[in-house]
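This report concerns only the one structure given below.
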Protein chains: 6
Amino acid sequence: MYITRRERFNAAHRLFREDFSNEENLKVFGKCSNPMWHGHNYELFVTVKGEIDPQTGFVMNLKTLSEIVNEFIISKIDHKNINLEVDFMKDKIASTEVLAQTFFEILKPQIEKHNAQLHCVKLYETENHYVEYFG
Amino acid sequence: MYITRRERFNAAHRLFREDFSNEENLKVFGKCSNPMWHGHNYELFVTVKGEIDPQTGFVMNLKTLSEIVNEFIISKIDHKNINLEVDFMKDKIASTEVLAQTFFEILKPQIEKHNAQLHCVKLYETENHYVEYFG
Amino acid sequence: MYITRRERFNAAHRLFREDFSNEENLKVFGKCSNPMWHGHNYELFVTVKGEIDPQTGFVMNLKTLSEIVNEFIISKIDHKNINLEVDFMKDKIASTEVLAQTFFEILKPQIEKHNAQLHCVKLYETENHYVEYFG
Amino acid sequence: MYITRRERFNAAHRLFREDFSNEENLKVFGKCSNPMWHGHNYELFVTVKGEIDPQTGFVMNLKTLSEIVNEFIISKIDHKNINLEVDFMKDKIASTEVLAQTFFEILKPQIEKHNAQLHCVKLYETENHYVEYFG
Amino acid sequence: MYITRRERFNAAHRLFREDFSNEENLKVFGKCSNPMWHGHNYELFVTVKGEIDPQTGFVMNLKTLSEIVNEFIISKIDHKNINLEVDFMKDKIASTEVLAQTFFEILKPQIEKHNAQLHCVKLYETENHYVEYFG
Amino acid sequence: MYITRRERFNAAHRLFREDFSNEENLKVFGKCSNPMWHGHNYELFVTVKGEIDPQTGFVMNLKTLSEIVNEFIISKIDHKNINLEVDFMKDKIASTEVLAQTFFEILKPQIEKHNAQLHCVKLYETENHYVEYFG
């Protein structure tokens with residue numbers, strides 16, 4: 001049984017490498033490398049896997065799942081600059097792929113404390129683009 | 001090849017255990033345990049798996065799939081009280097997880113009569129919460 | 001300039017008149033008159049009209065608007081039975097129209113305290129049905 | 001007859017006044033005043049009003065409308081920092097209201113060149129918040 | 001008070017004038033003039049205006065509204081070729097504007113039989129394009 | 001790591017077999033067999049699987065993925081008659097299943113040129129119906 005919770009955050013970012021020139025960044029990352037930043041309304045879907053607890057009918061209390069995602073992810077990234085202000089993205093490329101992978105690594109041990117397993121982190125950057133990471 | 005049909009229903013429910021006090025129910029199930037009921041617009045996605053029939057180009061006739069879901073699920077739960085009026089939920093906790101699992105068990109033999117296999121039941125309770133069950 | 005805030009609530013209700021027999025209620029209100037209740041995920045859009053404050057660039061602070069809608073509407077109706085538990089719907093028919101009109105009357109004086117005018121209350125009951133009330 | 005075209009852009013911004021201290025900005029604009037920026041996927045709906053041209057069945061050629069919006073708005077703001085890089089927002093507060101009003105003023109004369117009138121600019125900042133400006 | 005019902009239909013069409021050459025049609029209507037047809041999932045929103053009936057809490061019974069739209073519009077256009085098979089579109093350009101205007105003229109007298117007024121027909125051709133007609 | 005790109009196209013089609021009579025086609029394919037065609041707004045989701053390139057933070061450049069889908073699929077099917085004008089659908093039944101399978105076979109070798117693997121083609125025909133093919 002899989003249960004999924006959606007959370008949202010708005011953030012600024014840019015895609016670039018410090019060891020690239022502006023021209024190289026533009027070539028590889030296009031307009032996403034704009035040095036003055038741009039931003040997105042991100043949608044995050046966190047999917048947890050487990051058995052139904054016969055006592056509650058739940059795989060995991062949805063309120064608990066929401067609190068974990070808010071405490072460890074949303075509160076640290078919402079209305080922030082991903083490249084400059086988010087500790088867990090320091091020295092990483094702020095691509096959707098790297099974000100999803102990083103969220104997965106952060107959430108996995110927190111969810112395991114509640115007798116469930118993190119199955120998937122799905123992250124939408126725009127309505128035309130999303131990534132999924134299964135660990 | 002996987003083919004998915006969406007159906008919708010509106011129903012009232014509450015989450016609670018008869019062997020719990022009101023305080024215990026409130027603690028475990030929060031405002032979802034309100035004894036006076038609340039309700040949802042549920043969205044149900046039924047995914048069927050099979051080979052493409054070279055005669056029709058179909059895995060399964062979508063009209064047949066829709067009729068099965070309506071006959072065995074929607075007609076019994078739409079505009080109903082899940083706890084009080086739905087036979088297949090009798091003495092069960094009316095959580096999204098238990099609903100999805102019960103729908104799966106009901107639909108599986110019906111779909112197998114049509115040379116296809118039930119792959120997944122996905123059920124949205126709100127835009128921020130859904131479950132998936134694969135049997 | 002018009003500014004709109006979306007809020008959501010889940011509630012149980014039924015459409016009926018006490019002075020009608022069950023048969024009359026069923027004839028007029030159809031399956032929505034089920035005496036055991038059913039429910040919906042309601043979506044509420046509150047639109048406020050005003051001049052842009054040159055100091056802030058706002059017609060009205062969105063956080064204030066959200067707090068008003070939550071204090072006077074959402075906290076009283078979310079996860080409730082509209083017919084039995086919501087004071088402002090007492091002795092009223094729990095139709096989408098009457099809900100929208102009642103919300104408008106409640107919100108209007110609250111929003112006027114903030115130098116803005118309530119323009120419209122829009123209420124979705126399902127993805128196929130909404131009402132709008134302009135006072 | 002009214003015809004509407006949707007376009008989208010992603011941008012970074014912050015809400016603040018240079019003549020406010022950081023504390024004042026935080027008090028008035030909340031987390032939207034973060035000095036390091038945040039961003040959004042904006043959705044822009046441009047509504048044009050006119051008679052149906054009996055020759056074409058169109059109020060206005062949708063391709064032309066899309067080209068106008070892209071030339072005068074999207075190409076200047078997409079993947080940009082609204083406060084720092086967008087000429088028409090210079091020295092303005094980058095609120096949704098001011099954006100919509102500015103877009104309206106820019107688009108109005110361009111659309112009037114095509115025998116139609118700009119009726120409304122509607123701008124979504126998040127799924128829970130939009131503004132409408134009618135000139 | 002305004003009440004809106006959504007209905008959907010899928011149809012083939014092309015935009016063209018018989019008195020134009022293929023080149024002229026291509027110039028004016030672009031790829032929408034393809035002589036072999038293309039098609040859309042149309043979404044139709046019909047908005048009715050009236051007083052709330054104190055007996056029912058309704059402006060108009062939603063089931064009645066849906067039946068009218070289905071009898072006079074959907075059953076005649078769904079899964080059809082708009083240019084070749086739909087009587088009320090004969091000799092008309094199959095643009096979204098002309099469709100909406102025609103639907104309005106057809107629905108107006110039917111809705112007036114039920115003590116309500118047709119306020120608006122809104123028609124989506126794609127997620128990026130819709131028209132509204134108010135009579 | 002999985003990355004998905006959405007593209008859209010509008011097309012006309014019908015479901016039928018030349019070796020069936022009109023009556024047989026109507027019996028098997030229902031109104032979808034209308035000889036005068038009907039059409040849809042199709043939504044296509046292409047999911048690619050691969051390792052994150054540490055140089056770019058990408059599984060695959062999204063612009064490249066979009067260009068491939070547009071060159072090999074969208075440009076050939078958008079605003080076309082699937083049965084009559086699309087080479088890769090010649091002599092095939094124009095069902096959603098066969099479309100998805102055919103898209104998969106076309107896209108697979110193109111995506112493999114970019115050090116990634118095609119994982120899934122998901123195709124929506126209406127909001128109530130989609131198919132998925134994994135090869």
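Chain labels run A, B, ... following the order of the structure tokens; each chain numbers its residues from 1, and ligands are numbered from 1 in the order shown.
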
Got a sec: who's within 12 Å of Asp91 in chain E, counting only C-alpha atoms, leaving out chain neighbours fewer than 3 positions off, as a PyMOL selection string?
(chain D and resi 54+57) or (chain E and resi 15-19+82-88+94+98)

Store the residues of this selection in a file with N, CA and C atoms, as a tab-separated table (two decimals), in the first residue's frame.
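Result went into result.tsv, see below:
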```tsv
chain	number	residue	atom	x	y	z
D	54	PRO	N	-16.82	38.50	-39.61
D	54	PRO	CA	-17.57	37.47	-40.37
D	54	PRO	C	-16.71	36.75	-41.40
D	57	GLY	N	-14.46	34.39	-38.62
D	57	GLY	CA	-15.05	33.77	-37.43
D	57	GLY	C	-14.27	34.08	-36.16
E	15	LEU	N	-10.85	24.91	-39.74
E	15	LEU	CA	-11.19	26.31	-40.00
E	15	LEU	C	-10.86	26.61	-41.46
E	16	PHE	N	-11.88	27.03	-42.21
E	16	PHE	CA	-11.61	27.36	-43.62
E	16	PHE	C	-12.83	28.07	-44.20
E	17	ARG	N	-12.62	28.69	-45.35
E	17	ARG	CA	-13.71	29.26	-46.14
E	17	ARG	C	-13.71	28.58	-47.50
E	18	GLU	N	-14.87	28.20	-47.97
E	18	GLU	CA	-14.94	27.55	-49.29
E	18	GLU	C	-14.51	28.50	-50.39
E	19	ASP	N	-14.74	29.80	-50.18
E	19	ASP	CA	-14.37	30.79	-51.21
E	19	ASP	C	-12.90	31.19	-51.13
E	82	ILE	N	-17.68	18.71	-36.77
E	82	ILE	CA	-18.47	19.94	-36.61
E	82	ILE	C	-18.85	20.53	-37.95
E	83	ASN	N	-17.95	20.50	-38.91
E	83	ASN	CA	-18.24	21.10	-40.22
E	83	ASN	C	-19.25	20.30	-41.04
E	84	LEU	N	-19.21	18.98	-40.91
E	84	LEU	CA	-20.00	18.14	-41.81
E	84	LEU	C	-21.28	17.59	-41.20
E	85	GLU	N	-21.31	17.46	-39.88
E	85	GLU	CA	-22.41	16.66	-39.31
E	85	GLU	C	-23.31	17.42	-38.34
E	86	VAL	N	-22.99	18.66	-38.03
E	86	VAL	CA	-23.75	19.36	-36.99
E	86	VAL	C	-24.64	20.41	-37.65
E	87	ASP	N	-25.95	20.15	-37.63
E	87	ASP	CA	-26.91	21.01	-38.33
E	87	ASP	C	-26.73	22.49	-38.00
E	88	PHE	N	-26.63	22.80	-36.73
E	88	PHE	CA	-26.61	24.21	-36.34
E	88	PHE	C	-25.30	24.92	-36.70
E	94	ALA	N	-16.21	27.08	-38.19
E	94	ALA	CA	-16.22	26.31	-36.95
E	94	ALA	C	-15.21	26.82	-35.94
E	98	VAL	N	-17.61	31.30	-32.96
E	98	VAL	CA	-18.90	31.03	-33.60
E	98	VAL	C	-19.62	29.88	-32.87
```

Per residue of chain A within 9 Å of chain F, note the shortest atom pair and the distance in Å to one decimal, counting only C-alpha atoms, and order the rows by chain and increasing residue number, as a tab-separated table.
```
residue	atom	partner	partner_atom	distance
A:Leu15	CA	F:Thr56	CA	8.5
A:Phe16	CA	F:Thr56	CA	8.1
A:Arg17	CA	F:Thr56	CA	8.0
A:Val28	CA	F:Thr56	CA	7.7
A:Phe29	CA	F:Thr56	CA	8.1
A:Lys92	CA	F:Gly57	CA	8.2
A:Ile93	CA	F:Gly57	CA	5.7
A:Ala94	CA	F:Gly57	CA	7.6
A:Ser95	CA	F:Gly57	CA	5.8
A:Thr96	CA	F:Phe58	CA	8.1
A:Glu97	CA	F:Phe58	CA	6.3
A:Val98	CA	F:Gly57	CA	6.1
A:Ala100	CA	F:Met1	CA	8.9
A:Gln101	CA	F:Met1	CA	8.1
A:Glu127	CA	F:Arg6	CA	7.8
A:Asn128	CA	F:Arg6	CA	4.6
A:His129	CA	F:Arg5	CA	4.9
A:Tyr130	CA	F:Thr4	CA	5.3
A:Val131	CA	F:Ile3	CA	4.3
A:Glu132	CA	F:Tyr2	CA	5.0
A:Tyr133	CA	F:Met1	CA	4.9
A:Phe134	CA	F:Met1	CA	7.1
A:Gly135	CA	F:Met1	CA	8.2
```

Fit chain F to chain D: least squares, all C-alpha atoms, paired in order; write the output as a compact mmCIF listing (two decimals) with C-alpha atoms, in the first residue's frame.
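out.txt, freshly written:
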```txt
# COMPACT_ATOMS: atom_id res chain seq x y z
CA MET F 1 -17.44 38.23 -27.52
CA TYR F 2 -14.37 37.70 -25.33
CA ILE F 3 -11.36 35.59 -26.24
CA THR F 4 -8.63 34.60 -23.80
CA ARG F 5 -5.10 33.35 -24.31
CA ARG F 6 -2.97 31.79 -21.57
CA GLU F 7 0.80 32.30 -21.47
CA ARG F 8 3.26 31.32 -18.74
CA PHE F 9 6.54 32.60 -17.34
CA ASN F 10 8.91 31.74 -14.49
CA ALA F 11 10.61 34.55 -12.62
CA ALA F 12 12.29 35.57 -9.39
CA HIS F 13 11.14 38.54 -7.32
CA ARG F 14 10.82 39.96 -3.83
CA LEU F 15 8.35 42.37 -2.26
CA PHE F 16 10.02 45.28 -0.49
CA ARG F 17 10.47 49.03 -0.29
CA GLU F 18 13.94 50.54 -0.32
CA ASP F 19 12.78 53.18 2.16
CA PHE F 20 11.78 50.46 4.65
CA SER F 21 14.15 48.72 7.04
CA ASN F 22 14.45 44.94 6.84
CA GLU F 23 12.19 44.70 9.87
CA GLU F 24 9.53 46.89 8.30
CA ASN F 25 9.71 44.94 5.04
CA LEU F 26 9.36 41.69 6.93
CA LYS F 27 6.39 43.04 8.88
CA VAL F 28 4.51 44.26 5.79
CA PHE F 29 5.55 41.69 3.17
CA GLY F 30 6.37 38.63 5.31
CA LYS F 31 8.54 35.92 3.77
CA CYS F 32 7.89 37.46 0.33
CA SER F 33 10.42 40.16 1.30
CA ASN F 34 13.34 37.70 1.54
CA PRO F 35 16.35 39.74 0.28
CA MET F 36 17.78 36.68 -1.47
CA TRP F 37 14.67 36.41 -3.68
CA HIS F 38 12.17 33.65 -4.28
CA GLY F 39 10.15 32.90 -7.42
CA HIS F 40 7.03 31.65 -9.10
CA ASN F 41 5.54 29.97 -12.14
CA TYR F 42 3.21 32.75 -13.22
CA GLU F 43 0.16 32.08 -15.39
CA LEU F 44 -1.08 35.02 -17.45
CA PHE F 45 -4.54 35.14 -19.05
CA VAL F 46 -5.12 37.97 -21.54
CA THR F 47 -8.76 38.59 -22.50
CA VAL F 48 -9.65 40.55 -25.62
CA LYS F 49 -13.11 41.87 -26.48
CA GLY F 50 -14.54 42.56 -29.90
CA GLU F 51 -17.00 41.65 -32.60
CA ILE F 52 -16.64 38.42 -34.55
CA ASP F 53 -15.11 39.16 -37.95
CA PRO F 54 -17.57 37.47 -40.36
CA GLN F 55 -14.71 36.77 -42.77
CA THR F 56 -12.73 34.62 -40.31
CA GLY F 57 -15.05 33.76 -37.43
CA PHE F 58 -12.42 35.30 -35.14
CA VAL F 59 -12.50 38.22 -32.74
CA MET F 60 -8.76 38.31 -33.19
CA ASN F 61 -6.30 35.81 -34.57
CA LEU F 62 -5.09 33.81 -31.58
CA LYS F 63 -1.62 33.50 -33.06
CA THR F 64 -1.37 37.28 -33.28
CA LEU F 65 -2.54 37.64 -29.70
CA SER F 66 0.02 35.11 -28.54
CA GLU F 67 2.78 36.86 -30.49
CA ILE F 68 1.92 40.23 -28.93
CA VAL F 69 1.95 38.83 -25.40
CA ASN F 70 5.23 37.03 -26.06
CA GLU F 71 6.94 40.00 -27.69
CA PHE F 72 5.94 42.64 -25.16
CA ILE F 73 5.69 40.62 -21.92
CA ILE F 74 6.98 37.05 -21.85
CA SER F 75 10.28 37.61 -23.67
CA LYS F 76 11.11 40.41 -21.21
CA ILE F 77 10.17 38.69 -17.95
CA ASP F 78 10.55 34.92 -18.41
CA HIS F 79 13.48 33.43 -16.47
CA LYS F 80 14.32 36.93 -15.19
CA ASN F 81 14.55 38.75 -11.88
CA ILE F 82 11.49 41.02 -11.94
CA ASN F 83 13.00 43.61 -9.59
CA LEU F 84 16.42 43.82 -11.23
CA GLU F 85 16.08 42.96 -14.89
CA VAL F 86 12.65 44.00 -16.18
CA ASP F 87 12.60 47.57 -17.50
CA PHE F 88 8.88 48.11 -17.19
CA MET F 89 8.97 47.10 -13.48
CA LYS F 90 11.82 49.46 -12.57
CA ASP F 91 11.12 51.32 -9.31
CA LYS F 92 7.82 49.51 -8.90
CA ILE F 93 6.78 47.04 -6.21
CA ALA F 94 6.79 43.58 -7.82
CA SER F 95 3.36 42.58 -6.46
CA THR F 96 0.90 40.59 -8.55
CA GLU F 97 -1.38 43.64 -8.63
CA VAL F 98 1.30 45.99 -10.01
CA LEU F 99 2.43 43.37 -12.53
CA ALA F 100 -1.12 42.93 -13.86
CA GLN F 101 -1.69 46.68 -14.09
CA THR F 102 1.61 47.19 -15.90
CA PHE F 103 0.95 44.33 -18.33
CA PHE F 104 -2.46 45.89 -19.08
CA GLU F 105 -0.96 49.29 -19.90
CA ILE F 106 1.66 47.71 -22.18
CA LEU F 107 -0.73 45.38 -24.02
CA LYS F 108 -3.64 47.79 -24.48
CA PRO F 109 -2.21 49.89 -27.35
CA GLN F 110 -0.77 46.81 -29.08
CA ILE F 111 -4.10 45.00 -29.12
CA GLU F 112 -5.97 48.09 -30.29
CA LYS F 113 -3.86 48.02 -33.46
CA HIS F 114 -5.74 44.84 -34.36
CA ASN F 115 -9.32 46.16 -34.12
CA ALA F 116 -9.91 44.64 -30.73
CA GLN F 117 -9.93 45.87 -27.16
CA LEU F 118 -8.02 44.57 -24.19
CA HIS F 119 -10.64 43.56 -21.64
CA CYS F 120 -8.78 41.93 -18.77
CA VAL F 121 -5.37 40.79 -17.57
CA LYS F 122 -5.58 37.94 -15.07
CA LEU F 123 -2.40 36.80 -13.35
CA TYR F 124 -1.94 33.73 -11.13
CA GLU F 125 1.00 33.79 -8.74
CA THR F 126 0.12 30.49 -7.07
CA GLU F 127 -2.80 28.09 -7.36
CA ASN F 128 -4.36 29.91 -4.36
CA HIS F 129 -3.97 33.50 -5.50
CA TYR F 130 -4.70 35.56 -8.60
CA VAL F 131 -5.53 39.14 -9.55
CA GLU F 132 -7.63 40.65 -12.34
CA TYR F 133 -7.32 44.14 -13.84
CA PHE F 134 -9.81 45.67 -16.28
CA GLY F 135 -8.15 49.05 -16.91
```
